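The data block below is model32.pdb; it holds PDB, C-alpha atoms and all ligand atoms.
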ATOM      1  CA  MET M   1      14.133   2.413  46.444
ATOM      2  CA  ALA M   2      12.889  -0.929  45.107
ATOM      3  CA  ASP M   3      10.437  -2.810  47.326
ATOM      4  CA  LEU M   4      12.327  -5.710  48.844
ATOM      5  CA  ASP M   5       9.752  -6.909  51.348
ATOM      6  CA  ASP M   6       6.981  -9.230  50.128
ATOM      7  CA  LEU M   7       9.019 -10.039  47.014
ATOM      8  CA  ARG M   8       7.016 -12.943  45.568
ATOM      9  CA  ASP M   9       8.889 -15.746  43.863
ATOM     10  CA  GLY M  10       7.505 -16.858  40.501
ATOM     11  CA  VAL M  11       5.643 -20.175  40.645
ATOM     12  CA  ASN M  12       4.049 -20.608  37.243
ATOM     13  CA  PHE M  13       6.809 -21.397  34.747
ATOM     14  CA  GLY M  14       4.678 -23.477  32.400
ATOM     15  CA  LEU M  15       7.125 -26.358  32.674
ATOM     16  CA  GLY M  16       6.522 -28.978  30.016
ATOM     17  CA  GLN M  17       4.743 -26.445  27.774
ATOM     18  CA  LYS M  18       6.721 -25.805  24.613
ATOM     19  CA  VAL M  19       7.298 -22.170  23.614
ATOM     20  CA  GLU M  20       5.740 -21.923  20.160
ATOM     21  CA  ASN M  21       7.694 -20.083  17.480
ATOM     22  CA  GLN M  22       5.605 -17.273  16.050
ATOM     23  CA  SER M  23       5.413 -17.130  12.308
ATOM     24  CA  PHE M  24       4.395 -13.798  10.754
ATOM     25  CA  TYR M  25       1.275 -13.866   8.613
ATOM     26  CA  LEU M  26       2.538 -12.054   5.529
ATOM     27  CA  LYS M  27       4.340 -13.719   2.666
ATOM     28  CA  GLY M  28       8.124 -13.434   2.729
ATOM     29  CA  CYS M  29       8.158 -11.384   5.934
ATOM     30  CA  ASP M  30       9.112 -13.958   8.564
ATOM     31  CA  HIS M  31      12.701 -12.797   8.865
ATOM     32  CA  LEU M  32      12.077  -9.063   9.043
ATOM     33  CA  ASP M  33      12.809  -6.980  12.098
ATOM     34  CA  TRP M  34      10.150  -6.478  14.808
ATOM     35  CA  GLY M  35       9.572  -2.801  13.992
ATOM     36  CA  ILE M  36       8.955  -3.502  10.317
ATOM     37  CA  LYS M  37       6.514  -6.305  11.196
ATOM     38  CA  ASP M  38       4.754  -4.085  13.696
ATOM     39  CA  ARG M  39       4.263  -1.440  11.015
ATOM     40  CA  LEU M  40       3.183  -3.987   8.389
ATOM     41  CA  SER M  41       0.619  -5.361  10.816
ATOM     42  CA  ARG M  42      -0.953  -1.912  11.022
ATOM     43  CA  ILE M  43      -1.441  -1.934   7.224
ATOM     44  CA  PHE M  44      -2.561  -5.540   6.608
ATOM     45  CA  ARG M  45      -5.467  -6.888   8.657
ATOM     46  CA  LYS M  46      -4.531  -9.962  10.674
ATOM     47  CA  GLU M  47      -7.893 -11.665  10.001
ATOM     48  CA  SER M  48      -7.666 -11.561   6.205
ATOM     49  CA  GLY M  49      -3.963 -10.881   5.647
ATOM     50  CA  ARG M  50      -5.119  -8.179   3.229
ATOM     51  CA  THR M  51      -5.430  -4.422   3.011
ATOM     52  CA  VAL M  52      -7.523  -1.696   1.424
ATOM     53  CA  MET M  53      -5.171   1.235   1.057
ATOM     54  CA  LEU M  54      -6.646   4.503  -0.135
ATOM     55  CA  ALA M  55      -4.261   6.229  -2.561
ATOM     56  CA  PHE M  56      -4.598   9.990  -2.917
ATOM     57  CA  ASP M  57      -1.034  10.973  -3.752
ATOM     58  CA  HIS M  58      -1.958  11.844  -7.349
ATOM     59  CA  GLY M  59      -1.683  15.588  -6.741
ATOM     60  CA  PHE M  60       2.100  15.440  -6.523
ATOM     61  CA  ILE M  61       2.305  14.765 -10.242
ATOM     62  CA  MET M  62      -1.062  15.989 -11.564
ATOM     63  CA  GLY M  63      -2.288  18.700  -9.181
ATOM     64  CA  PRO M  64      -5.914  18.915  -8.028
ATOM     65  CA  THR M  65      -7.354  16.184 -10.233
ATOM     66  CA  SER M  66     -11.043  15.299 -10.119
ATOM     67  CA  GLY M  67     -12.028  13.935  -6.716
ATOM     68  CA  LEU M  68      -8.986  15.443  -4.998
ATOM     69  CA  GLU M  69      -9.848  19.129  -5.172
ATOM     70  CA  ARG M  70     -10.533  19.307  -1.432
ATOM     71  CA  ILE M  71      -8.925  16.590   0.689
ATOM     72  CA  ASP M  72     -10.974  17.683   3.705
ATOM     73  CA  LEU M  73     -14.239  17.251   1.818
ATOM     74  CA  ASN M  74     -13.409  14.433  -0.625
ATOM     75  CA  ILE M  75     -11.019  12.145   1.230
ATOM     76  CA  LEU M  76     -11.427  12.521   4.983
ATOM     77  CA  PRO M  77     -14.945  11.006   5.002
ATOM     78  CA  LEU M  78     -13.450   7.852   3.381
ATOM     79  CA  ALA M  79     -10.619   7.428   5.875
ATOM     80  CA  GLU M  80     -12.561   5.387   8.420
ATOM     81  CA  HIS M  81     -13.239   2.720   5.773
ATOM     82  CA  ALA M  82      -9.605   2.432   4.642
ATOM     83  CA  ASP M  83      -6.971   0.273   6.323
ATOM     84  CA  CYS M  84      -4.210   2.694   5.359
ATOM     85  CA  LEU M  85      -3.881   6.141   3.780
ATOM     86  CA  MET M  86      -1.329   6.663   1.018
ATOM     87  CA  ALA M  87      -0.380  10.268   0.326
ATOM     88  CA  THR M  88       2.419  12.834   0.366
ATOM     89  CA  ARG M  89       3.744  14.441   3.526
ATOM     90  CA  GLY M  90       2.464  17.856   2.438
ATOM     91  CA  ILE M  91      -1.131  16.703   2.087
ATOM     92  CA  ILE M  92      -1.038  14.570   5.221
ATOM     93  CA  ARG M  93       0.387  17.356   7.371
ATOM     94  CA  ALA M  94      -1.959  19.973   5.933
ATOM     95  CA  SER M  95      -5.201  18.026   5.698
ATOM     96  CA  VAL M  96      -5.256  14.742   7.647
ATOM     97  CA  PRO M  97      -5.812  15.090  11.409
ATOM     98  CA  PRO M  98      -3.212  13.079  13.357
ATOM     99  CA  THR M  99      -6.033  12.106  15.716
ATOM    100  CA  TYR M 100      -7.331   9.762  12.995
ATOM    101  CA  ASN M 101      -4.547   7.432  14.040
ATOM    102  CA  LYS M 102      -4.619   5.723  10.647
ATOM    103  CA  PRO M 103      -1.564   3.950   9.285
ATOM    104  CA  ILE M 104       0.152   6.106   6.682
ATOM    105  CA  CYS M 105       1.969   4.868   3.593
ATOM    106  CA  LEU M 106       4.016   7.931   2.836
ATOM    107  CA  ARG M 107       4.671   8.798  -0.800
ATOM    108  CA  SER M 108       8.400   9.144  -0.387
ATOM    109  CA  ASP M 109       9.726  10.144  -3.775
ATOM    110  CA  ALA M 110       9.165  13.353  -5.656
ATOM    111  CA  GLY M 111      10.629  15.251  -8.547
ATOM    112  CA  THR M 112       8.760  15.658 -11.781
ATOM    113  CA  THR M 113       5.157  16.211 -12.832
ATOM    114  CA  ILE M 114       2.992  15.375 -15.828
ATOM    115  CA  LEU M 115       4.199  18.645 -17.369
ATOM    116  CA  THR M 116       7.678  17.169 -17.984
ATOM    117  CA  ASP M 117       9.162  13.661 -18.012
ATOM    118  CA  LEU M 118       8.025  11.569 -15.063
ATOM    119  CA  ASN M 119      10.156   9.530 -12.653
ATOM    120  CA  ASP M 120      13.269  11.708 -12.385
ATOM    121  CA  ASN M 121      12.767  11.613  -8.649
ATOM    122  CA  VAL M 122      14.587  11.941  -5.354
ATOM    123  CA  VAL M 123      13.648  10.239  -2.077
ATOM    124  CA  VAL M 124      12.450  12.185   0.958
ATOM    125  CA  ASP M 125      14.408  12.014   4.192
ATOM    126  CA  VAL M 126      13.535   8.817   6.062
ATOM    127  CA  GLN M 127      13.721  10.769   9.316
ATOM    128  CA  ASP M 128      10.685  12.713   8.195
ATOM    129  CA  ALA M 129       8.848   9.441   7.560
ATOM    130  CA  VAL M 130       9.742   8.336  11.097
ATOM    131  CA  ARG M 131       8.749  11.760  12.470
ATOM    132  CA  MET M 132       5.353  11.299  10.863
ATOM    133  CA  ASN M 133       5.082   7.792  12.296
ATOM    134  CA  ALA M 134       4.681   6.430   8.754
ATOM    135  CA  SER M 135       3.854   2.734   8.576
ATOM    136  CA  ALA M 136       5.544   2.441   5.165
ATOM    137  CA  MET M 137       7.349   4.499   2.541
ATOM    138  CA  ALA M 138       6.268   4.243  -1.107
ATOM    139  CA  VAL M 139       8.912   4.707  -3.790
ATOM    140  CA  MET M 140       8.498   4.488  -7.566
ATOM    141  CA  LEU M 141      10.492   2.070  -9.736
ATOM    142  CA  ALA M 142      10.450   2.773 -13.496
ATOM    143  CA  ILE M 143      11.826  -0.351 -15.148
ATOM    144  CA  GLY M 144      12.416  -0.112 -18.897
ATOM    145  CA  ASP M 145      12.638   3.659 -18.953
ATOM    146  CA  GLU M 146      16.179   4.234 -20.226
ATOM    147  CA  LYS M 147      16.494   7.688 -18.734
ATOM    148  CA  THR M 148      15.239   6.978 -15.243
ATOM    149  CA  GLU M 149      15.507   3.229 -14.596
ATOM    150  CA  ALA M 150      18.873   3.327 -12.800
ATOM    151  CA  LYS M 151      17.888   6.385 -10.779
ATOM    152  CA  THR M 152      14.648   4.841  -9.573
ATOM    153  CA  VAL M 153      16.409   1.571  -8.666
ATOM    154  CA  ALA M 154      18.928   3.663  -6.701
ATOM    155  CA  ASN M 155      16.041   5.512  -5.002
ATOM    156  CA  LEU M 156      14.392   2.248  -4.005
ATOM    157  CA  THR M 157      17.697   0.840  -2.750
ATOM    158  CA  HIS M 158      18.328   3.970  -0.691
ATOM    159  CA  ALA M 159      14.808   3.864   0.759
ATOM    160  CA  VAL M 160      15.276   0.188   1.698
ATOM    161  CA  ASP M 161      18.644   0.937   3.346
ATOM    162  CA  MET M 162      17.055   3.703   5.395
ATOM    163  CA  GLY M 163      13.889   1.685   6.040
ATOM    164  CA  GLN M 164      15.959  -1.209   7.421
ATOM    165  CA  LYS M 165      17.867   1.205   9.624
ATOM    166  CA  PHE M 166      14.736   2.756  11.128
ATOM    167  CA  GLY M 167      12.288  -0.155  10.907
ATOM    168  CA  VAL M 168      10.065   1.309   8.201
ATOM    169  CA  PRO M 169       8.797  -1.023   5.431
ATOM    170  CA  VAL M 170       9.178   0.116   1.834
ATOM    171  CA  MET M 171       6.563  -0.318  -0.875
ATOM    172  CA  GLY M 172       7.995  -0.456  -4.404
ATOM    173  CA  VAL M 173       5.577   1.167  -6.851
ATOM    174  CA  THR M 174       5.934  -0.145 -10.396
ATOM    175  CA  ALA M 175       5.595   2.696 -12.890
ATOM    176  CA  VAL M 176       3.814   2.403 -16.184
ATOM    177  CA  GLY M 177       5.232   4.676 -18.842
ATOM    178  CA  LYS M 178       3.857   5.593 -22.256
ATOM    179  CA  ASP M 179       6.091   3.083 -24.041
ATOM    180  CA  MET M 180       5.855   0.224 -21.567
ATOM    181  CA  ALA M 181       3.811  -2.887 -22.299
ATOM    182  CA  ARG M 182       1.223  -3.483 -19.570
ATOM    183  CA  ASP M 183       1.482  -7.252 -19.462
ATOM    184  CA  ALA M 184       2.489 -10.027 -17.079
ATOM    185  CA  ARG M 185       6.008 -10.061 -18.490
ATOM    186  CA  TYR M 186       6.552  -6.387 -17.680
ATOM    187  CA  PHE M 187       4.714  -6.330 -14.330
ATOM    188  CA  GLY M 188       6.330  -9.648 -13.380
ATOM    189  CA  LEU M 189       9.779  -8.243 -14.075
ATOM    190  CA  ALA M 190       9.113  -4.906 -12.372
ATOM    191  CA  SER M 191       7.547  -6.527  -9.292
ATOM    192  CA  ARG M 192      10.369  -9.004  -8.931
ATOM    193  CA  VAL M 193      12.981  -6.251  -9.275
ATOM    194  CA  CYS M 194      11.244  -4.353  -6.459
ATOM    195  CA  ALA M 195      11.349  -7.419  -4.217
ATOM    196  CA  GLU M 196      14.947  -8.308  -5.171
ATOM    197  CA  ASN M 197      15.987  -4.812  -4.163
ATOM    198  CA  GLY M 198      14.361  -5.231  -0.767
ATOM    199  CA  ALA M 199      10.841  -3.827  -1.105
ATOM    200  CA  ASN M 200       8.577  -5.302   1.595
ATOM    201  CA  ILE M 201       5.385  -4.630  -0.387
ATOM    202  CA  VAL M 202       4.980  -4.260  -4.163
ATOM    203  CA  LYS M 203       2.334  -2.144  -5.802
ATOM    204  CA  THR M 204       1.569  -3.021  -9.378
ATOM    205  CA  TYR M 205      -1.327  -3.365 -11.826
ATOM    206  CA  TYR M 206      -3.642  -6.259 -12.574
ATOM    207  CA  CYS M 207      -3.110  -7.871 -15.995
ATOM    208  CA  GLU M 208      -3.771 -11.129 -17.879
ATOM    209  CA  GLY M 209      -1.635 -13.863 -16.279
ATOM    210  CA  PHE M 210      -1.489 -11.959 -12.985
ATOM    211  CA  SER M 211      -1.207 -15.166 -10.934
ATOM    212  CA  ASN M 212       2.295 -15.630 -12.412
ATOM    213  CA  VAL M 213       3.234 -12.081 -11.374
ATOM    214  CA  VAL M 214       2.110 -12.833  -7.800
ATOM    215  CA  ALA M 215       3.726 -16.278  -7.696
ATOM    216  CA  ALA M 216       7.119 -14.904  -8.733
ATOM    217  CA  CYS M 217       7.030 -12.027  -6.252
ATOM    218  CA  PRO M 218       8.110 -13.243  -2.795
ATOM    219  CA  VAL M 219       6.449 -10.386  -0.862
ATOM    220  CA  PRO M 220       2.812  -9.160  -0.724
ATOM    221  CA  ILE M 221       1.460  -7.435  -3.825
ATOM    222  CA  VAL M 222      -1.255  -4.787  -3.831
ATOM    223  CA  ILE M 223      -2.825  -3.450  -6.997
ATOM    224  CA  ALA M 224      -3.485   0.096  -8.140
ATOM    225  CA  GLY M 225      -6.859   0.667  -9.712
ATOM    226  CA  GLY M 226      -5.747   2.791 -12.660
ATOM    227  CA  LYS M 227      -8.109   4.999 -14.605
ATOM    228  CA  LYS M 228     -11.739   5.278 -13.495
ATOM    229  CA  LEU M 229     -13.876   2.322 -14.580
ATOM    230  CA  PRO M 230     -17.580   1.652 -14.083
ATOM    231  CA  GLU M 231     -18.035   0.465 -10.474
ATOM    232  CA  LEU M 232     -18.840  -3.161 -11.359
ATOM    233  CA  ASP M 233     -15.715  -3.385 -13.549
ATOM    234  CA  ALA M 234     -13.548  -1.920 -10.782
ATOM    235  CA  LEU M 235     -14.919  -4.467  -8.308
ATOM    236  CA  ASP M 236     -14.295  -7.195 -10.867
ATOM    237  CA  LEU M 237     -10.675  -6.026 -11.114
ATOM    238  CA  CYS M 238     -10.285  -6.265  -7.311
ATOM    239  CA  TYR M 239     -11.898  -9.704  -7.267
ATOM    240  CA  LYS M 240      -9.659 -11.106 -10.002
ATOM    241  CA  ALA M 241      -6.533  -9.669  -8.399
ATOM    242  CA  ILE M 242      -7.419 -11.144  -4.981
ATOM    243  CA  ASN M 243      -8.330 -14.464  -6.602
ATOM    244  CA  ASP M 244      -4.914 -14.509  -8.281
ATOM    245  CA  GLY M 245      -3.170 -13.981  -4.946
ATOM    246  CA  ALA M 246      -2.946 -10.210  -4.422
ATOM    247  CA  SER M 247      -2.831  -9.107  -0.777
ATOM    248  CA  GLY M 248      -5.073  -6.135  -1.348
ATOM    249  CA  VAL M 249      -5.454  -2.884  -3.212
ATOM    250  CA  ASP M 250      -3.944   0.574  -3.071
ATOM    251  CA  MET M 251      -6.684   2.250  -5.002
ATOM    252  CA  GLY M 252      -7.391   5.869  -5.794
ATOM    253  CA  ARG M 253      -9.440   7.087  -8.763
ATOM    254  CA  ASN M 254     -11.842   4.150  -8.772
ATOM    255  CA  VAL M 255     -12.770   5.153  -5.240
ATOM    256  CA  PHE M 256     -12.586   8.934  -5.041
ATOM    257  CA  GLN M 257     -13.942   9.480  -8.573
ATOM    258  CA  SER M 258     -16.848   7.071  -8.015
ATOM    259  CA  GLU M 259     -20.350   8.493  -8.046
ATOM    260  CA  ASP M 260     -20.443   7.538  -4.359
ATOM    261  CA  PRO M 261     -16.906   7.160  -2.953
ATOM    262  CA  ILE M 262     -18.034   6.160   0.570
ATOM    263  CA  ALA M 263     -20.193   3.340  -0.810
ATOM    264  CA  MET M 264     -17.442   2.307  -3.221
ATOM    265  CA  ILE M 265     -14.668   1.969  -0.662
ATOM    266  CA  GLN M 266     -16.928  -0.223   1.479
ATOM    267  CA  ALA M 267     -17.775  -2.394  -1.519
ATOM    268  CA  VAL M 268     -14.061  -2.725  -2.348
ATOM    269  CA  ALA M 269     -13.408  -3.767   1.273
ATOM    270  CA  GLY M 270     -16.215  -6.329   0.964
ATOM    271  CA  VAL M 271     -14.469  -7.923  -2.015
ATOM    272  CA  VAL M 272     -10.964  -7.698  -0.523
ATOM    273  CA  HIS M 273     -11.688  -8.813   3.052
ATOM    274  CA  GLU M 274     -14.979 -10.681   2.992
ATOM    275  CA  GLY M 275     -14.718 -12.593  -0.268
ATOM    276  CA  LEU M 276     -17.702 -10.919  -1.937
ATOM    277  CA  THR M 277     -18.064 -11.579  -5.656
ATOM    278  CA  PRO M 278     -18.029  -8.512  -7.940
ATOM    279  CA  GLN M 279     -21.812  -8.770  -8.266
ATOM    280  CA  GLN M 280     -22.286  -8.968  -4.479
ATOM    281  CA  GLY M 281     -19.912  -6.027  -4.063
ATOM    282  CA  PHE M 282     -21.896  -4.071  -6.634
ATOM    283  CA  GLU M 283     -25.147  -4.827  -4.810
ATOM    284  CA  MET M 284     -23.518  -3.577  -1.616
ATOM    285  CA  PHE M 285     -22.432  -0.433  -3.467
ATOM    286  CA  GLN M 286     -25.968   0.169  -4.699
ATOM    287  CA  ASP M 287     -27.480  -0.457  -1.253
ATOM    288  CA  LEU M 288     -25.080   1.981   0.399
ATOM    289  CA  LYS M 289     -25.250   4.579  -2.386
ATOM    290  CA  LYS M 290     -26.997   7.749  -1.337
TER
HETATM  291  C1  LIG Y 301       1.064   6.280  -8.864
HETATM  292  C2  LIG Y 301       0.446   5.837  -7.606
HETATM  293  C3  LIG Y 301      -1.002   6.039  -7.392
HETATM  294  O1  LIG Y 301      -1.249   6.182  -6.043
HETATM  295  C4  LIG Y 301      -1.671   4.863  -7.957
HETATM  296  O2  LIG Y 301      -1.721   4.967  -9.315
HETATM  297  C5  LIG Y 301      -3.035   4.505  -7.294
HETATM  298  O3  LIG Y 301      -4.016   5.202  -7.788
HETATM  299  P1  LIG Y 301      -5.050   4.696  -8.884
HETATM  300  O4  LIG Y 301      -5.846   3.581  -8.253
HETATM  301  O5  LIG Y 301      -5.832   5.921  -9.138
HETATM  302  O6  LIG Y 301      -4.277   4.196 -10.080
HETATM  303  O7  LIG Y 301       1.089   5.280  -6.771
HETATM  304  O8  LIG Y 301       2.425   6.273  -8.722
END
Using structure tokens, write down the structure that the file contains.
Amino acid sequence: MADLDDLRDGVNFGLGQKVENQSFYLKGCDHLDWGIKDRLSRIFRKESGRTVMLAFDHGFIMGPTSGLERIDLNILPLAEHADCLMATRGIIRASVPPTYNKPICLRSDAGTTILTDLNDNVVVDVQDAVRMNASAMAVMLAIGDEKTEAKTVANLTHAVDMGQKFGVPVMGVTAVGKDMARDARYFGLASRVCAENGANIVKTYYCEGFSNVVAACPVPIVIAGGKKLPELDALDLCYKAINDGASGVDMGRNVFQSEDPIAMIQAVAGVVHEGLTPQQGFEMFQDLKK
């Protein structure tokens, strides 16, 4: 029975105080649904508007590559320094404790490995992403690959349809194939196609003229790191990408294959969130290195 005695009437209605409209802090995301914004705000820090995502989904195409032999030993010690973990459902369920309470960007397409032709993929069931409380789903888009382009666009479209239905953002991951030019024209086209098809985040690669790629993509872009580089060069890559407008990184090998991954992820975060120069980031790396 509801309490009816001592029912206090409201007195403080803030009359004369305008209700401010609340704009969302990420590019192109103002008109998204509340659930999608809530999930995005778990991935991108409010203070910087940026993210350091740790990518360790490589095993689904290349098996136990260097630095990913033992997720419990190689990756879990890095998790506290990452804003978001990007991996497959198999690895997350088997090796990442749910008590970490870290946002997950779930690798949500699968199909072929480096042993055959890549990108002939299907999309995992969005209900499993929801069941895992994923903060985003990542789906590959292989533009310019005659055999798989249409299929990967269809995969992305399907993921966006399902993501909209359940409030889960989708990250479009631009593929780089053997025959694809790695330049601003290609990455600009691929990133824009991701956004046009409804991706809420785009993951692509840094290149010459990257500021044009970012300018023409109406949603936040994060960069992959690519093959392992010397630490200073990898920090330089992060710095240039952020300077050109990227909203963060989704980096793997340049972190987990570093001579000191824990020091490296903190240095990357210094560049991404705190505006450190590559040299300052490198000094931080050396100070933290065991
Ligand atoms: C490939 C991916 C990888 O996660 C991506 O390449 C990030 O890793 P790295 O920084 O090692 O390139 O999404 O589809």
When the PyMOL selection byres (((not hetatm)) within 9 of (chain Y and resi 301)) is applied to the structure above, which residues does it catch, written out as a PyMOL selection string?
chain M and resi 54-58+61+86-87+107+138-140+173-176+203-205+223-228+249-257
Practice item. Report as a PyMOL selection string the full result of the PyMOL selection byres (((chain M and resi 237) around 12) and not hetatm) when it is applied to this structure. Key: chain M and resi 205-208+210+222-236+238-244+246+248-249+251+254+268+271-272+277-279+281
| said: Taking (11.4, 0.7, -12.8) as a centre in this file's frame and 10 Å as the limit, can you find every polymer residue with an atom that close, using only C-alpha atoms, and give them as number ranges by chain? | reply: M: 119, 140-146, 148-153, 156, 172-177, 186-187, 189-191, 193-194
With distances taken over only C-alpha atoms, the candidate from M:Arg39, M:Lys46, M:Gly111, M:Val130 nearest Tyr25 (chain M) is M:Lys46
Taken to one decimal, the CA of Val122 (chain M)-CA of Leu26 (chain M) distance is 29.0 Å
Could you list, as an mmCIF file with C-alpha atoms, in the frame of the given file, every residue within 12 Å of Arg93 (chain M), counting only C-alpha atoms and ignoring same-chain residues fewer than 6 positions away?
data_model
loop_
_atom_site.group_PDB
_atom_site.id
_atom_site.type_symbol
_atom_site.label_atom_id
_atom_site.label_comp_id
_atom_site.auth_asym_id
_atom_site.auth_seq_id
_atom_site.Cartn_x
_atom_site.Cartn_y
_atom_site.Cartn_z
ATOM 1 C CA ILE M 71 -8.925 16.590 0.689
ATOM 2 C CA ASP M 72 -10.974 17.683 3.705
ATOM 3 C CA ALA M 87 -0.380 10.268 0.326
ATOM 4 C CA THR M 99 -6.033 12.106 15.716
ATOM 5 C CA ILE M 104 0.152 6.106 6.682
ATOM 6 C CA LEU M 106 4.016 7.931 2.836
ATOM 7 C CA ASP M 128 10.685 12.713 8.195
ATOM 8 C CA ALA M 129 8.848 9.441 7.560
ATOM 9 C CA ARG M 131 8.749 11.760 12.470
ATOM 10 C CA MET M 132 5.353 11.299 10.863
ATOM 11 C CA ASN M 133 5.082 7.792 12.296
ATOM 12 C CA ALA M 134 4.681 6.430 8.754
#
What separates CA of Pro169 (chain M) and CA of Cys217 (chain M) is a distance of 16.1 Å
Next item on the list: Decode the PyMOL selection byres (((chain M and resi 42) around 10) and not hetatm) for the given file into explicit residues and return them as a list in words.
Entry: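 With the shown file as input, the PyMOL selection byres (((chain M and resi 42) around 10) and not hetatm) matches Lys37, Asp38, Arg39, Leu40, Ser41, Ile43, Phe44, Arg45, Lys46, Thr51, Asp83, Cys84, Lys102, Pro103, Ile104, Ser135 and Ala136 of chain M.
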Starting from 3 Å padding per side, set up an axis-aligned box that covers all listed atoms of region 169-187 of chain M and hand over centre and edge lengths in Å, one decimal, as lines of an AutoDock Vina configuration file.
center_x = 5.2
center_y = -2.2
center_z = -9.3
size_x = 14.0
size_y = 21.7
size_z = 35.5
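With CA of Asn101 (chain M) on one side and CA of Gly59 (chain M) on the other, the separation reads 22.5 Å.
For the residues M:Thr65, M:Gln127, M:Asn212, M:Thr116, ranking by smallest atom-to-atom distance to Asp183 (chain M) using only C-alpha atoms places M:Asn212 first.
Using all atoms listed in the file for every distance, the candidate list M:Arg50, M:Val126, M:Ala110, M:Gly270 yields M:Gly270 as the residue closest to Phe285 (chain M).
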I'd like to know which of M:Ala159, M:Ala184, M:Ala199, M:Ile114 is closest to Val219 (chain M), using all atoms listed in the file.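 Distance minimum relative to Val219 (chain M) lands on M:Ala199.
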Judged by all atoms listed in the file, the minimum distance to Asp30 (chain M) among M:Leu78, M:Pro218, M:Gly90, M:Val124 is found for M:Pro218
Of M:Ser66, M:Met53, M:Asp109, M:Asp117, the one nearest to Gln266 (chain M) when counting all atoms listed in the file is M:Met53
